[in-house]
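Inspection log for the structure reproduced underneath, given as structure tokens.
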Amino acid sequence: MIKNIIFLTLALLVLPVKMPAQSARAMQEEFAAVAEKSTPAVVVVRTGRRVLRRVRTGNSYEDLYNYYYGQGQVRRQLVPTGQGSGFFINEKGYILTNYHIVKDQEYFRISLVDGREFDAVPAGEDPLSDLAILKIENAGEKFPYLTFADSDKVKPGYWAIAIGAPFSLAYTVTVGVVSYNRRTVGMNPHENFIQTDVSINPGNSGGPLLDLDGKVIGINDFILTPQGGSIGLSFAIAGNLAKRIGEDLINYGKVERSWVGIGMADLPAEVKKEHNLTHGVVITQLYRNSPAYYGGLKSGDIILEVGGQKADQLNMVRLRILSRRPNDKIKFLIRREGRDMEIIITAGAIPNQAG
């Protein structure tokens, strides 16, 4: 009996040691498989600008004289200015990256993991979302590309894998977990971030954030840090938003955003209690001659749903409106004077985009 108890105790002590090791090895292979499969579609983006430079003669005294007295030959020369990451989103050579990487740049050199390099040209930019498209032209081949997952289904605690070129260390793979989905930080009304603790540093911008299937759930964009290095507060543009904007830039060269003409605010707690509501935003302003004005919305209406989705966050409501296209019909479920009603608004174009 005592011998059986000893054997049972030993078995219980041994089992927990073996099982986690096996699970860890399996997870290790999952990460390696994602990196191996995805890396060929990830690129390093090097940028440059042409600046006026005085050409050196090779004679140090003459060069010094020209420097101080402004003589000598001046030419526009290409100067490297920065580096970031990106990835192919189709086989035709279209690359999705961040707008802040390509802003005010004149030259783009794309490096692949196999060592080949190509020149690229801008094919579309959207400063509001910080996304841009570059295009490799006349390459005469089909490129490997990444596909998107449904980023709305990503949950806190899910694994997240980043591939990029931090501090010029190309094709660096880092792993972490999703900390929060649908994060807004107040930079602009058209934002939807996935927050992670994945190690991201300068040079990772524009690279993909992947799930365990190797599908894109986000585009790495920025970090919050007091000293410039990663402290586990990394933010990626949600894949669903990036996919839609990327497709617009490829197809139209710009992003078409809808507008209904309302100002909104979070619903105060006392109003929620008064109306027995758990969510909602209130219309605080109605623009005259706007789609909302003609469609029947009123100042003071409480928006409960937009397009069948709960109006639980002010920025998410804005995003759902902006993410539609002009002439789309948007269904609002509102509460007015104690009654719930549906109102369908035909969206217009944002005024500065009209025409």
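By order of appearance in the structure tokens: chains A, B, ..., then residues from 1 within every chain, and ligands from 1 in the order shown.
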Within 10 Å of stretch 30-33 of chain A, counting only C-alpha atoms, which residues qualify if same-chain residues fewer than 6 places away don't, as a list in words?
Ala24, Trp159, Ala160, Ile161, Val173, Thr174, Val175, Asp211, Leu212, Asp213 and Gly214 of chain A
Requested write-out: C-alpha atoms of the selected residues, as a short mmCIF file (atom, residue, chain, number, x, y, z; two decimals), in the first residue's frame:
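Listed below is the output, part26.cif:
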data_model
loop_
_atom_site.label_atom_id
_atom_site.label_comp_id
_atom_site.auth_asym_id
_atom_site.auth_seq_id
_atom_site.Cartn_x
_atom_site.Cartn_y
_atom_site.Cartn_z
CA ALA A 24 5.77 24.54 -25.06
CA TRP A 159 -1.39 35.31 -29.29
CA ALA A 160 0.04 38.00 -31.57
CA ILE A 161 3.18 37.70 -33.73
CA VAL A 173 10.05 38.07 -35.09
CA THR A 174 8.53 39.01 -31.72
CA VAL A 175 5.64 37.40 -29.87
CA ASP A 211 -2.44 35.39 -35.55
CA LEU A 212 -1.48 31.72 -35.16
CA ASP A 213 -2.78 31.02 -38.68
CA GLY A 214 -0.36 33.56 -40.15
#
Fewer than 3 positions away in the same chain doesn't count, so skip those; otherwise give me all residues within 8 Å of stretch 88-91 of chain A, counting only C-alpha atoms, as number ranges by chain.
A: 41-43, 94-96, 142-147
Using DSSP on the backbone coordinates, identify all residues within stretch 76-222 of chain A classified as strand (DSSP E or B); present the result as an NGL selection string.
:A and (76-88 or 94-98 or 107-111 or 117-126 or 131-136 or 148 or 159-164 or 172-183 or 193-196 or 208-210 or 216-222)
Need to verify the contact set: A:Gly338, 12 Å, only C-alpha atoms, exclusion of same-chain residues closer than 2 positions in sequence. Can you return it as a ChimeraX atom specification?
/A:271-272,274-277,300-302,334-336,340-341
Expected file contents, prior selection, C-alpha atoms, as a short mmCIF file (atom, residue, chain, number, x, y, z; two decimals), in the first residue's frame:
data_model
loop_
_atom_site.label_atom_id
_atom_site.label_comp_id
_atom_site.auth_asym_id
_atom_site.auth_seq_id
_atom_site.Cartn_x
_atom_site.Cartn_y
_atom_site.Cartn_z
CA VAL A 271 -29.39 59.53 -18.39
CA LYS A 272 -28.63 55.83 -18.81
CA GLU A 274 -33.28 57.36 -16.32
CA HIS A 275 -33.88 55.50 -19.58
CA ASN A 276 -32.84 52.07 -18.23
CA LEU A 277 -30.01 51.82 -20.77
CA GLY A 300 -31.18 64.91 -28.32
CA ASP A 301 -31.80 61.53 -29.96
CA ILE A 302 -30.03 58.66 -28.20
CA ILE A 334 -32.53 55.53 -31.69
CA ARG A 335 -34.54 56.35 -28.58
CA ARG A 336 -36.60 59.53 -28.76
CA ASP A 340 -37.32 53.26 -29.92
CA MET A 341 -37.36 53.74 -33.67
#
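What separates atom CA of A:Pro326 from atom CA of A:Ile344 is a distance of 13.8 Å.
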All helix (DSSP H, G or I) residues (DSSP, backbone) inside stretch 231-320 of chain A, as a ChimeraX atom specification:
/A:239-252,269-275,291-295,314-320
Leaving out A:Gly261 and any residue of its chain fewer than 5 positions from it, which residues lie within 6 Å of it when counting only C-alpha atoms, given as a PDB file with C-alpha atoms, in the first residue's frame?
ATOM      1  CA  TYR A 287     -25.710  70.147 -39.192  1.00  0.00           C
ATOM      2  CA  SER A 290     -26.831  67.377 -43.845  1.00  0.00           C
ATOM      3  CA  ALA A 292     -28.993  63.417 -40.920  1.00  0.00           C
TER       4      ALA A 292
END
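Going from atom CA of A:Pro208 to atom CA of A:Leu314 covers 27.3 Å.
Separating atom CA of A:Val178 from atom CA of A:Gly157 is a distance of 5.2 Å.
Proximity to A:Asp150 at 9 Å, evaluated using only C-alpha atoms and with sequence-adjacent residues fewer than 4 positions away removed, yields Val154, Val216, Ile217, Gly239 and Asn240 of chain A.
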Could those residues be written to a file, using N, CA and C atoms, as a PDB file, in the first residue's frame?
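Result saved to result_17.pdb:
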ATOM      1  N   VAL A 154     -10.822  39.184 -32.667  1.00  0.00           N
ATOM      2  CA  VAL A 154      -9.625  39.038 -31.833  1.00  0.00           C
ATOM      3  C   VAL A 154      -9.962  39.421 -30.395  1.00  0.00           C
ATOM      4  N   VAL A 216      -3.208  38.347 -41.065  1.00  0.00           N
ATOM      5  CA  VAL A 216      -2.982  39.691 -40.527  1.00  0.00           C
ATOM      6  C   VAL A 216      -4.157  40.119 -39.661  1.00  0.00           C
ATOM      7  N   ILE A 217      -3.870  40.468 -38.405  1.00  0.00           N
ATOM      8  CA  ILE A 217      -4.898  41.050 -37.545  1.00  0.00           C
ATOM      9  C   ILE A 217      -4.648  42.542 -37.326  1.00  0.00           C
ATOM     10  N   GLY A 239      -6.852  45.116 -38.441  1.00  0.00           N
ATOM     11  CA  GLY A 239      -6.779  44.553 -39.788  1.00  0.00           C
ATOM     12  C   GLY A 239      -7.987  44.857 -40.656  1.00  0.00           C
ATOM     13  N   ASN A 240      -9.200  44.819 -40.090  1.00  0.00           N
ATOM     14  CA  ASN A 240     -10.392  45.095 -40.886  1.00  0.00           C
ATOM     15  C   ASN A 240     -10.366  46.509 -41.443  1.00  0.00           C
TER      16      ASN A 240
END
